[in-house]
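S.K.: Supplied structure: final-v4.txt, compact mmCIF, C-alpha atoms and all ligand atoms.
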# COMPACT_ATOMS: atom_id res chain seq x y z
CA MET Q 272 111.37 158.59 87.16
CA THR Q 273 107.99 159.74 88.54
CA PHE Q 274 107.04 156.12 89.08
CA ASP Q 275 110.36 155.43 90.82
CA VAL Q 276 109.85 158.34 93.19
CA THR Q 277 106.18 157.76 93.94
CA HIS Q 278 106.86 154.13 94.77
CA HIS Q 279 109.29 155.04 97.53
CA THR Q 280 107.15 157.54 99.45
CA PHE Q 281 106.09 155.16 102.21
CA ILE Q 282 108.17 154.77 105.35
CA HIS Q 283 108.56 151.59 107.37
CA GLU Q 284 105.82 151.23 110.00
CA ASN Q 285 108.46 150.90 112.73
CA MET Q 286 109.87 154.26 111.74
CA ARG Q 287 106.52 155.81 112.61
CA LYS Q 288 105.53 153.64 115.59
CA ARG Q 289 108.81 153.02 117.39
CA PHE Q 290 111.06 155.85 116.30
CA VAL Q 291 108.86 158.92 115.88
CA ASP Q 292 106.49 158.16 118.72
CA GLY Q 293 109.53 158.18 121.02
CA PHE Q 294 109.96 161.94 120.65
CA HIS Q 295 108.75 164.27 123.36
CA TYR Q 296 105.39 165.83 122.49
CA ASP Q 297 106.91 169.29 121.97
CA ALA Q 298 110.04 168.17 120.04
CA HIS Q 299 110.95 170.64 117.32
CA PRO Q 300 109.88 169.27 113.89
CA MET Q 301 113.24 170.15 112.32
CA GLY Q 302 115.12 168.09 114.92
CA MET Q 303 112.71 165.23 114.29
CA LEU Q 304 113.17 165.49 110.54
CA VAL Q 305 116.98 165.49 110.71
CA SER Q 306 116.96 162.49 113.09
CA ALA Q 307 114.46 160.64 110.91
CA ILE Q 308 116.66 161.10 107.83
CA ALA Q 309 119.68 159.77 109.76
CA ALA Q 310 117.60 156.83 111.01
CA LEU Q 311 116.58 155.83 107.45
CA GLY Q 312 120.00 154.18 107.03
CA THR Q 313 119.12 151.74 109.82
CA PHE Q 314 116.02 150.62 107.89
CA TYR Q 315 117.82 150.12 104.57
CA ASP Q 316 120.85 147.95 105.08
CA ASP Q 317 121.90 148.28 101.42
CA ALA Q 318 122.46 152.02 102.02
CA LYS Q 319 125.88 151.04 103.33
CA ASP Q 320 126.98 149.94 99.83
CA ILE Q 321 128.18 153.42 98.99
CA LYS Q 322 130.64 152.16 96.35
CA ASP Q 323 127.80 150.55 94.39
CA LYS Q 324 126.26 153.03 91.92
CA ALA Q 325 122.93 151.19 91.70
CA SER Q 326 122.62 151.26 95.48
CA ARG Q 327 123.57 154.94 95.64
CA ASP Q 328 120.93 155.78 93.00
CA LYS Q 329 118.33 153.88 94.98
CA GLN Q 330 119.15 155.74 98.20
CA ILE Q 331 118.89 159.06 96.29
CA LEU Q 332 115.42 158.06 95.10
CA ARG Q 333 114.44 157.00 98.60
CA LEU Q 334 115.61 160.30 100.07
CA ILE Q 335 113.77 162.39 97.46
CA ALA Q 336 110.60 160.30 97.82
CA LYS Q 337 110.50 160.02 101.61
CA MET Q 338 111.41 163.63 102.40
CA PRO Q 339 107.85 165.03 101.97
CA THR Q 340 106.47 162.12 104.04
CA LEU Q 341 109.02 162.70 106.82
CA ALA Q 342 108.55 166.49 106.75
CA ALA Q 343 104.75 166.18 106.92
CA MET Q 344 105.01 163.53 109.65
CA SER Q 345 107.33 165.71 111.78
CA PHE Q 346 105.11 168.76 111.38
CA ARG Q 347 101.89 166.87 112.14
CA PHE Q 348 103.45 165.23 115.21
CA SER Q 349 104.54 168.66 116.48
CA VAL Q 350 100.95 169.95 116.33
CA GLY Q 351 99.43 166.75 117.72
CA LEU Q 352 97.92 165.47 114.50
CA PRO Q 353 97.97 161.79 113.43
CA PHE Q 354 100.22 160.46 110.66
CA VAL Q 355 98.69 160.45 107.18
CA TYR Q 356 99.92 157.80 104.73
CA PRO Q 357 101.22 159.13 101.39
CA ASN Q 358 98.70 159.02 98.56
CA ASN Q 359 100.43 158.45 95.24
CA SER Q 360 97.31 158.89 93.17
CA LEU Q 361 97.14 162.62 93.94
CA SER Q 362 98.97 165.35 92.08
CA PHE Q 363 98.85 169.12 92.17
CA PRO Q 364 99.21 170.70 88.72
CA ALA Q 365 99.30 174.15 90.35
CA ASN Q 366 102.50 173.16 92.20
CA PHE Q 367 104.12 172.13 88.92
CA SER Q 368 103.45 175.59 87.50
CA PRO Q 369 101.25 178.41 88.85
CA ARG Q 370 100.39 179.07 85.18
CA ASN Q 371 98.25 175.93 85.25
CA VAL Q 372 95.63 177.82 87.28
CA PRO Q 373 94.20 181.36 87.45
CA ASP Q 374 95.84 183.69 90.01
CA GLY Q 375 95.01 182.80 93.60
CA LYS Q 376 93.54 179.40 92.69
CA SER Q 377 94.79 175.87 93.05
CA SER Q 378 94.04 172.50 91.52
CA VAL Q 379 94.28 168.85 92.44
CA SER Q 380 94.20 165.82 90.20
CA THR Q 381 93.25 162.39 91.49
CA GLU Q 382 93.29 158.96 89.90
CA VAL Q 383 90.62 156.37 90.63
CA ALA Q 384 91.58 152.97 89.27
CA TYR Q 385 88.96 150.31 88.68
CA SER Q 386 88.64 146.91 87.08
CA ARG Q 387 86.02 144.23 86.72
CA HIS Q 388 87.18 142.96 90.12
CA ARG Q 389 86.85 146.42 91.65
CA PRO Q 390 83.95 148.10 89.82
CA LEU Q 391 83.55 151.85 89.75
CA GLU Q 392 80.49 153.49 91.27
CA ARG Q 393 80.28 156.18 88.60
CA ASP Q 394 77.23 158.05 89.95
CA THR Q 395 78.90 158.96 93.22
CA MET Q 396 82.58 158.93 92.24
CA VAL Q 397 83.06 162.70 92.09
CA GLU Q 398 81.27 163.36 95.39
CA ARG Q 399 83.15 160.56 97.16
CA THR Q 400 86.49 161.79 95.84
CA ILE Q 401 85.78 165.35 97.03
CA GLU Q 402 84.67 164.04 100.41
CA SER Q 403 87.88 161.97 100.74
CA LEU Q 404 89.97 165.06 99.93
CA ARG Q 405 88.11 166.96 102.65
CA THR Q 406 88.51 164.15 105.17
CA ALA Q 407 92.25 164.02 104.45
CA GLY Q 408 92.47 167.79 105.00
CA ILE Q 409 93.61 168.41 101.41
CA LEU Q 410 90.47 170.45 100.79
CA ALA Q 411 89.11 172.67 103.54
CA ARG Q 412 85.34 172.51 104.15
CA GLU Q 413 85.06 176.15 103.12
CA ASP Q 414 87.05 175.69 99.88
CA GLU Q 415 84.96 176.59 96.88
CA ILE Q 416 85.25 174.17 93.96
CA GLU Q 417 84.90 176.06 90.70
CA LEU Q 418 85.46 173.27 88.21
CA VAL Q 419 85.37 169.48 88.24
CA HIS Q 420 86.51 167.54 85.22
CA ALA Q 421 86.28 163.76 85.26
CA GLU Q 422 87.72 161.77 82.40
CA GLU Q 423 87.69 158.05 81.79
CA ILE Q 424 90.85 156.73 80.13
CA LEU Q 425 90.33 153.45 78.30
CA PRO Q 426 92.58 151.53 78.48
CA ALA Q 427 94.88 153.29 80.93
CA TYR Q 428 97.05 150.51 82.25
CA VAL Q 429 98.81 147.49 80.87
CA ILE Q 430 97.64 144.42 82.73
CA TYR Q 431 100.18 141.67 83.31
CA ASP Q 432 98.83 138.15 83.26
CA LEU Q 433 100.68 134.85 83.43
CA ALA Q 434 101.00 134.65 79.65
CA HIS Q 435 102.26 138.26 79.34
CA GLY Q 436 105.95 137.50 78.65
CA ARG Q 437 105.26 134.73 76.14
CA ASN Q 438 102.49 136.56 74.25
CA VAL Q 439 104.36 139.86 74.03
CA ALA Q 440 107.51 138.07 72.77
CA THR Q 441 105.48 136.30 70.05
CA ILE Q 442 103.85 139.52 68.86
CA ARG Q 443 107.09 141.50 68.87
CA GLU Q 444 108.94 138.77 67.00
CA TRP Q 445 106.26 138.77 64.31
CA LEU Q 446 106.27 142.57 64.08
CA ARG Q 447 110.06 142.60 63.80
CA GLU Q 448 109.85 140.15 60.87
CA GLN Q 449 107.53 142.66 59.17
CA ARG Q 450 110.10 145.37 60.04
CA ILE Q 451 107.61 147.14 62.27
CA TRP Q 452 109.02 148.79 65.42
CA THR Q 453 106.69 149.52 68.27
CA ALA Q 454 107.36 151.86 71.15
CA GLY Q 455 105.79 153.30 74.28
CA ARG Q 456 103.48 151.90 76.92
CA PHE Q 457 101.12 150.09 74.56
CA GLY Q 458 103.68 149.47 71.83
CA GLU Q 459 105.91 147.59 74.24
CA TRP Q 460 102.94 146.42 76.33
CA GLN Q 461 104.88 147.28 79.45
CA TYR Q 462 103.88 149.39 82.44
CA LEU Q 463 106.01 152.31 81.22
CA ASN Q 464 105.82 155.82 82.60
CA MET Q 465 106.34 158.99 80.62
CA ASP Q 466 110.15 159.04 80.81
CA HIS Q 467 110.43 155.33 80.03
CA SER Q 468 108.03 155.79 77.09
CA MET Q 469 110.24 158.55 75.69
CA ALA Q 470 113.33 156.36 76.10
CA SER Q 471 111.43 153.58 74.34
CA GLY Q 472 110.57 155.94 71.44
CA LYS Q 473 114.20 157.03 71.18
CA ALA Q 474 115.38 153.40 71.16
CA ALA Q 475 112.86 152.58 68.40
CA ALA Q 476 114.05 155.57 66.31
CA GLU Q 477 117.67 154.47 66.73
CA ALA Q 478 116.79 150.89 65.78
CA ILE Q 479 115.02 152.11 62.61
CA LEU Q 480 118.00 154.31 61.67
CA ALA Q 481 120.39 151.41 62.20
CA ASP Q 482 118.14 149.19 60.06
CA VAL Q 483 117.87 151.61 57.12
CA SER Q 484 121.59 152.35 57.10
CA ALA Q 485 122.57 148.63 57.32
C1 LIG F 1 95.94 157.92 85.06
C2 LIG F 1 97.38 157.93 84.62
C3 LIG F 1 98.32 158.64 85.35
C4 LIG F 1 99.65 158.65 84.96
N1 LIG F 1 100.54 159.36 85.68
C5 LIG F 1 101.81 159.44 85.28
C6 LIG F 1 102.76 160.22 85.98
O1 LIG F 1 102.45 160.87 86.99
N2 LIG F 1 104.04 160.25 85.53
C7 LIG F 1 104.42 159.56 84.42
O2 LIG F 1 105.61 159.63 84.06
N3 LIG F 1 103.55 158.80 83.74
C8 LIG F 1 102.27 158.73 84.13
N4 LIG F 1 101.36 157.97 83.44
C9 LIG F 1 101.86 157.17 82.32
C10 LIG F 1 101.98 157.98 81.03
O3 LIG F 1 100.76 158.62 80.75
C11 LIG F 1 102.34 156.99 79.91
O4 LIG F 1 103.51 156.32 80.28
C12 LIG F 1 102.60 157.71 78.61
O5 LIG F 1 101.52 158.55 78.27
C13 LIG F 1 102.80 156.66 77.54
O6 LIG F 1 103.12 157.33 76.35
P1 LIG F 1 102.86 156.63 74.95
O7 LIG F 1 103.26 157.61 73.92
O8 LIG F 1 103.49 155.29 74.96
O9 LIG F 1 101.28 156.35 74.91
P2 LIG F 1 100.06 157.35 74.97
O10 LIG F 1 100.42 158.64 75.65
O11 LIG F 1 98.91 156.56 75.49
O12 LIG F 1 99.84 157.71 73.44
C14 LIG F 1 99.26 156.79 72.53
C15 LIG F 1 98.44 157.61 71.55
O13 LIG F 1 98.03 156.76 70.49
C16 LIG F 1 96.69 157.07 70.17
N5 LIG F 1 96.11 155.91 69.51
C17 LIG F 1 95.75 154.72 70.03
N6 LIG F 1 95.27 153.90 69.09
C18 LIG F 1 95.32 154.58 67.93
C19 LIG F 1 94.98 154.26 66.60
N7 LIG F 1 94.47 153.08 66.27
N8 LIG F 1 95.17 155.20 65.66
C20 LIG F 1 95.69 156.40 65.97
N9 LIG F 1 96.05 156.77 67.23
C21 LIG F 1 95.85 155.87 68.19
C22 LIG F 1 96.04 157.38 71.50
O14 LIG F 1 94.88 158.15 71.35
C23 LIG F 1 97.16 158.17 72.20
O15 LIG F 1 97.08 159.55 71.90
C24 LIG F 1 100.04 157.93 83.81
C25 LIG F 1 99.09 157.22 83.08
C26 LIG F 1 97.78 157.21 83.49
C27 LIG F 1 96.77 156.47 82.66
Using the file provided, produce a representation of the structure as structure tokens.
Ligand SMILES: Cc1cc2nc3c(=O)[nH]c(=O)nc-3n(C[C@H](O)[C@H](O)[C@H](O)COP(=O)(O)OP(=O)(O)OC[C@H]3O[C@@H](n4cnc5c(N)ncnc54)[C@H](O)[C@@H]3O)c2cc1C

M.R.:
Amino acid sequence: MTFDVTHHTFIHENMRKRFVDGFHYDAHPMGMLVSAIAALGTFYDDAKDIKDKASRDKQILRLIAKMPTLAAMSFRFSVGLPFVYPNNSLSFPANFSPRNVPDGKSSVSTEVAYSRHRPLERDTMVERTIESLRTAGILAREDEIELVHAEEILPAYVIYDLAHGRNVATIREWLREQRIWTAGRFGEWQYLNMDHSMASGKAAAEAILADVSA
């Protein structure tokens, strides 16, 4: 679900350039937000398929995902600030629960992906990340950083190559013959998020139960 939401946070460029820029400079942000939500339907033709459950679910995801972008855009426009594109590699554990941080403090988590095609400059990574957060206005210059924790996760992501489907099918077929069930991101070798990984674990448990009771 997280993946589904974070991959719908962007808005169409024309929404920003043609629609929003048409508002008077002192338009109230709430009026802009309400109009922008109504205008979304004109960007997503499939939103008209209201009898189709899959389409309805997709529009729900779009609304949830785009709302923070539209709200931030309307506010920034109203105070004369430029649009900032959503950044899906940022999260704020303190927003999830204030118990994640001491009283009066906040926290931000960022992801920096790298590969052999896009190497990581380890020595300066932390400083550059902090500087980017300041440039984006997420950290104020005067904010005091009390703790930085950088962790390298190896391997973090499943990489799809052209032989992915064939190779994964071969391995799973062999494992199944040995009556071994695999589950989760690396067990299925799919780009699964947390909720999908749990569903995958549940499906594996059900398959094992069905096998032992057969
Ligand atoms: C940077 C990053 C950000 C993410 N953000 C989100 C997010 O915002 N929302 C979301 O839903 N998902 C997110 N995910 C994805 C989520 O973390 C995974 O989908 C989920 O953790 C997969 O669960 P899993 O149980 O399949 O695998 P894992 O959580 O990776 O668990 C596998 C476990 O097996 C252990 N292990 C490996 N090999 C062995 C071995 N030989 N012997 C014993 N133990 C072993 C590992 O140490 C690990 O503890 C993110 C992932 C990354 C890397």

S.K.: With only C-alpha atoms as the basis for distance, which of Q:Ile479, Q:Ile451, Q:Ile308, Q:Leu352 is at the shortest distance from Ala407 of chain Q?

M.R.: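 Ranked by minimum distance to Ala407 of chain Q, first place goes to Q:Leu352.
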
S.K.: Need the neighbours of (107.1, 154.5, 73.0): which residues are at most 7 Å away, counting only C-alpha atoms, as a PyMOL selection string?

M.R.: chain Q and resi 453-456+458+468-469+471-472

S.K.: Could the residues that lie within 12 Å of ligand LIG 1 (chain F), counting all atoms listed in the file, be listed as a ChimeraX atom specification?

M.R.: /Q:272-278,359-364,367,380-385,421-429,453-473,475

S.K.: Please write the residues from the selection above to a file, keeping C-alpha atoms, as an mmCIF file, keeping the file's coordinate frame.

M.R.:
data_model
loop_
_atom_site.group_PDB
_atom_site.id
_atom_site.type_symbol
_atom_site.label_atom_id
_atom_site.label_comp_id
_atom_site.auth_asym_id
_atom_site.auth_seq_id
_atom_site.Cartn_x
_atom_site.Cartn_y
_atom_site.Cartn_z
ATOM 1 C CA MET Q 272 111.370 158.590 87.160
ATOM 2 C CA THR Q 273 107.990 159.740 88.540
ATOM 3 C CA PHE Q 274 107.040 156.120 89.080
ATOM 4 C CA ASP Q 275 110.360 155.430 90.820
ATOM 5 C CA VAL Q 276 109.850 158.340 93.190
ATOM 6 C CA THR Q 277 106.180 157.760 93.940
ATOM 7 C CA HIS Q 278 106.860 154.130 94.770
ATOM 8 C CA ASN Q 359 100.430 158.450 95.240
ATOM 9 C CA SER Q 360 97.310 158.890 93.170
ATOM 10 C CA LEU Q 361 97.140 162.620 93.940
ATOM 11 C CA SER Q 362 98.970 165.350 92.080
ATOM 12 C CA PHE Q 363 98.850 169.120 92.170
ATOM 13 C CA PRO Q 364 99.210 170.700 88.720
ATOM 14 C CA PHE Q 367 104.120 172.130 88.920
ATOM 15 C CA SER Q 380 94.200 165.820 90.200
ATOM 16 C CA THR Q 381 93.250 162.390 91.490
ATOM 17 C CA GLU Q 382 93.290 158.960 89.900
ATOM 18 C CA VAL Q 383 90.620 156.370 90.630
ATOM 19 C CA ALA Q 384 91.580 152.970 89.270
ATOM 20 C CA TYR Q 385 88.960 150.310 88.680
ATOM 21 C CA ALA Q 421 86.280 163.760 85.260
ATOM 22 C CA GLU Q 422 87.720 161.770 82.400
ATOM 23 C CA GLU Q 423 87.690 158.050 81.790
ATOM 24 C CA ILE Q 424 90.850 156.730 80.130
ATOM 25 C CA LEU Q 425 90.330 153.450 78.300
ATOM 26 C CA PRO Q 426 92.580 151.530 78.480
ATOM 27 C CA ALA Q 427 94.880 153.290 80.930
ATOM 28 C CA TYR Q 428 97.050 150.510 82.250
ATOM 29 C CA VAL Q 429 98.810 147.490 80.870
ATOM 30 C CA THR Q 453 106.690 149.520 68.270
ATOM 31 C CA ALA Q 454 107.360 151.860 71.150
ATOM 32 C CA GLY Q 455 105.790 153.300 74.280
ATOM 33 C CA ARG Q 456 103.480 151.900 76.920
ATOM 34 C CA PHE Q 457 101.120 150.090 74.560
ATOM 35 C CA GLY Q 458 103.680 149.470 71.830
ATOM 36 C CA GLU Q 459 105.910 147.590 74.240
ATOM 37 C CA TRP Q 460 102.940 146.420 76.330
ATOM 38 C CA GLN Q 461 104.880 147.280 79.450
ATOM 39 C CA TYR Q 462 103.880 149.390 82.440
ATOM 40 C CA LEU Q 463 106.010 152.310 81.220
ATOM 41 C CA ASN Q 464 105.820 155.820 82.600
ATOM 42 C CA MET Q 465 106.340 158.990 80.620
ATOM 43 C CA ASP Q 466 110.150 159.040 80.810
ATOM 44 C CA HIS Q 467 110.430 155.330 80.030
ATOM 45 C CA SER Q 468 108.030 155.790 77.090
ATOM 46 C CA MET Q 469 110.240 158.550 75.690
ATOM 47 C CA ALA Q 470 113.330 156.360 76.100
ATOM 48 C CA SER Q 471 111.430 153.580 74.340
ATOM 49 C CA GLY Q 472 110.570 155.940 71.440
ATOM 50 C CA LYS Q 473 114.200 157.030 71.180
ATOM 51 C CA ALA Q 475 112.860 152.580 68.400
#

S.K.: Excluding segment 411-416 of chain Q and residues on its chain fewer than 2 positions from it, collect all residues at most 10 Å away from it, counting only C-alpha atoms, and give them as a list in words.

M.R.: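 Contacts, in chain order: Lys376, Ser377, Ser378, Ile401, Glu402, Leu404, Arg405, Thr406, Ala407, Gly408, Ile409, Leu418 and Val419 of chain Q.
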
S.K.: Tell me, in Å to one decimal, how far atom CA of His299 of chain Q is from atom CA of Asn358 of chain Q.

M.R.: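 It comes out at 25.2 Å.
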
S.K.: Identify, on the basis of all atoms listed in the file, every residue whose closest approach to segment 328-330 of chain Q does not exceed 10 Å; exclude the query and any residue fewer than 5 positions from it along the same chain; express the result as a list in words.

M.R.: Asp275, Val276, His279, Leu311, Gly312, Tyr315, Asp317, Ala318, Lys319, Asp320, Ile321, Asp323, Ile335 and Ala336 of chain Q

S.K.: With only C-alpha atoms as the atoms that count, which of Q:Arg443, Q:Lys324, Q:Lys288, Q:His435 lies nearest to Phe354 of chain Q?

M.R.: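 Nearest to Phe354 of chain Q: Q:Lys288.
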
S.K.: Work out how far atom CA of Phe346 of chain Q is from atom CA of Pro300 of chain Q, in Å to one decimal.

M.R.: 5.4 Å

S.K.: Interatomic distance between atom CA of Ile442 of chain Q and atom CA of Ala478 of chain Q?

M.R.: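 Computing it gives 17.5 Å between the two atoms.
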
S.K.: Box time for segment 424-440 of chain Q: axis-aligned, enclosing all its listed atoms, 5 Å extra on each side; report centre and edge lengths in Å to one decimal, as JSON.

M.R.:
{"center_x": 98.9, "center_y": 145.7, "center_z": 78.1, "size_x": 27.2, "size_y": 32.1, "size_z": 20.7}

S.K.: For the point (118.9, 143.9, 59.7) in file coordinates, what residues are within 12 Å, counting all atoms listed in the file? Give the answer as a ChimeraX atom specification?

M.R.: /Q:447-450,478-485

S.K.: I'd like to know which of Q:Glu417, Q:Arg287, Q:Gly436, Q:Arg333 is closest to Pro353 of chain Q, using only C-alpha atoms.

M.R.: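 Checking each of Q:Glu417, Q:Arg287, Q:Gly436, Q:Arg333 against Pro353 of chain Q, counting only C-alpha atoms, the winner is Q:Arg287.
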
S.K.: Generate the missing atoms of segment 306-326 of chain Q up to N, CA and C atoms and report them as a PDB file, in the coordinates of the input.

M.R.:
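Output file rebuild_15.pdb is given in full below:
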ATOM      1  N   SER Q 306     116.722 163.807 112.470  1.00  0.00           N
ATOM      2  CA  SER Q 306     116.960 162.490 113.090  1.00  0.00           C
ATOM      3  C   SER Q 306     116.334 161.386 112.245  1.00  0.00           C
ATOM      4  N   ALA Q 307     115.146 161.668 111.709  1.00  0.00           N
ATOM      5  CA  ALA Q 307     114.460 160.640 110.910  1.00  0.00           C
ATOM      6  C   ALA Q 307     115.260 160.310 109.659  1.00  0.00           C
ATOM      7  N   ILE Q 308     115.860 161.343 109.047  1.00  0.00           N
ATOM      8  CA  ILE Q 308     116.660 161.100 107.830  1.00  0.00           C
ATOM      9  C   ILE Q 308     117.869 160.226 108.199  1.00  0.00           C
ATOM     10  N   ALA Q 309     118.518 160.571 109.328  1.00  0.00           N
ATOM     11  CA  ALA Q 309     119.680 159.770 109.760  1.00  0.00           C
ATOM     12  C   ALA Q 309     119.252 158.325 110.044  1.00  0.00           C
ATOM     13  N   ALA Q 310     118.064 158.175 110.618  1.00  0.00           N
ATOM     14  CA  ALA Q 310     117.600 156.830 111.010  1.00  0.00           C
ATOM     15  C   ALA Q 310     117.240 155.970 109.792  1.00  0.00           C
ATOM     16  N   LEU Q 311     116.970 156.619 108.636  1.00  0.00           N
ATOM     17  CA  LEU Q 311     116.580 155.830 107.450  1.00  0.00           C
ATOM     18  C   LEU Q 311     117.627 154.757 107.136  1.00  0.00           C
ATOM     19  N   GLY Q 312     118.915 155.115 107.337  1.00  0.00           N
ATOM     20  CA  GLY Q 312     120.000 154.180 107.030  1.00  0.00           C
ATOM     21  C   GLY Q 312     119.892 152.884 107.824  1.00  0.00           C
ATOM     22  N   THR Q 313     119.249 152.955 108.996  1.00  0.00           N
ATOM     23  CA  THR Q 313     119.120 151.740 109.820  1.00  0.00           C
ATOM     24  C   THR Q 313     117.986 150.855 109.299  1.00  0.00           C
ATOM     25  N   PHE Q 314     117.123 151.422 108.462  1.00  0.00           N
ATOM     26  CA  PHE Q 314     116.020 150.620 107.890  1.00  0.00           C
ATOM     27  C   PHE Q 314     116.420 150.009 106.554  1.00  0.00           C
ATOM     28  N   TYR Q 315     117.409 150.608 105.899  1.00  0.00           N
ATOM     29  CA  TYR Q 315     117.820 150.120 104.570  1.00  0.00           C
ATOM     30  C   TYR Q 315     119.287 149.726 104.630  1.00  0.00           C
ATOM     31  N   ASP Q 316     119.501 148.455 104.882  1.00  0.00           N
ATOM     32  CA  ASP Q 316     120.850 147.950 105.080  1.00  0.00           C
ATOM     33  C   ASP Q 316     121.731 148.200 103.853  1.00  0.00           C
ATOM     34  N   ASP Q 317     121.110 148.122 102.655  1.00  0.00           N
ATOM     35  CA  ASP Q 317     121.900 148.280 101.420  1.00  0.00           C
ATOM     36  C   ASP Q 317     122.434 149.706 101.259  1.00  0.00           C
ATOM     37  N   ALA Q 318     121.958 150.640 102.108  1.00  0.00           N
ATOM     38  CA  ALA Q 318     122.460 152.020 102.020  1.00  0.00           C
ATOM     39  C   ALA Q 318     123.950 152.095 102.349  1.00  0.00           C
ATOM     40  N   LYS Q 319     124.442 151.035 102.983  1.00  0.00           N
ATOM     41  CA  LYS Q 319     125.880 151.040 103.330  1.00  0.00           C
ATOM     42  C   LYS Q 319     126.768 150.802 102.113  1.00  0.00           C
ATOM     43  N   ASP Q 320     126.178 150.264 101.033  1.00  0.00           N
ATOM     44  CA  ASP Q 320     126.980 149.940  99.830  1.00  0.00           C
ATOM     45  C   ASP Q 320     127.256 151.209  99.037  1.00  0.00           C
ATOM     46  N   ILE Q 321     128.031 152.096  99.633  1.00  0.00           N
ATOM     47  CA  ILE Q 321     128.180 153.420  98.990  1.00  0.00           C
ATOM     48  C   ILE Q 321     129.060 153.368  97.746  1.00  0.00           C
ATOM     49  N   LYS Q 322     129.795 152.248  97.550  1.00  0.00           N
ATOM     50  CA  LYS Q 322     130.640 152.160  96.350  1.00  0.00           C
ATOM     51  C   LYS Q 322     129.863 151.589  95.157  1.00  0.00           C
ATOM     52  N   ASP Q 323     128.630 151.158  95.432  1.00  0.00           N
ATOM     53  CA  ASP Q 323     127.800 150.550  94.390  1.00  0.00           C
ATOM     54  C   ASP Q 323     126.867 151.619  93.811  1.00  0.00           C
ATOM     55  N   LYS Q 324     127.041 151.926  92.496  1.00  0.00           N
ATOM     56  CA  LYS Q 324     126.260 153.030  91.920  1.00  0.00           C
ATOM     57  C   LYS Q 324     124.747 152.763  91.989  1.00  0.00           C
ATOM     58  N   ALA Q 325     124.361 151.518  91.695  1.00  0.00           N
ATOM     59  CA  ALA Q 325     122.930 151.190  91.700  1.00  0.00           C
ATOM     60  C   ALA Q 325     122.341 151.441  93.086  1.00  0.00           C
ATOM     61  N   SER Q 326     123.103 151.057  94.111  1.00  0.00           N
ATOM     62  CA  SER Q 326     122.620 151.260  95.480  1.00  0.00           C
ATOM     63  C   SER Q 326     122.549 152.757  95.803  1.00  0.00           C
TER      64      SER Q 326
END
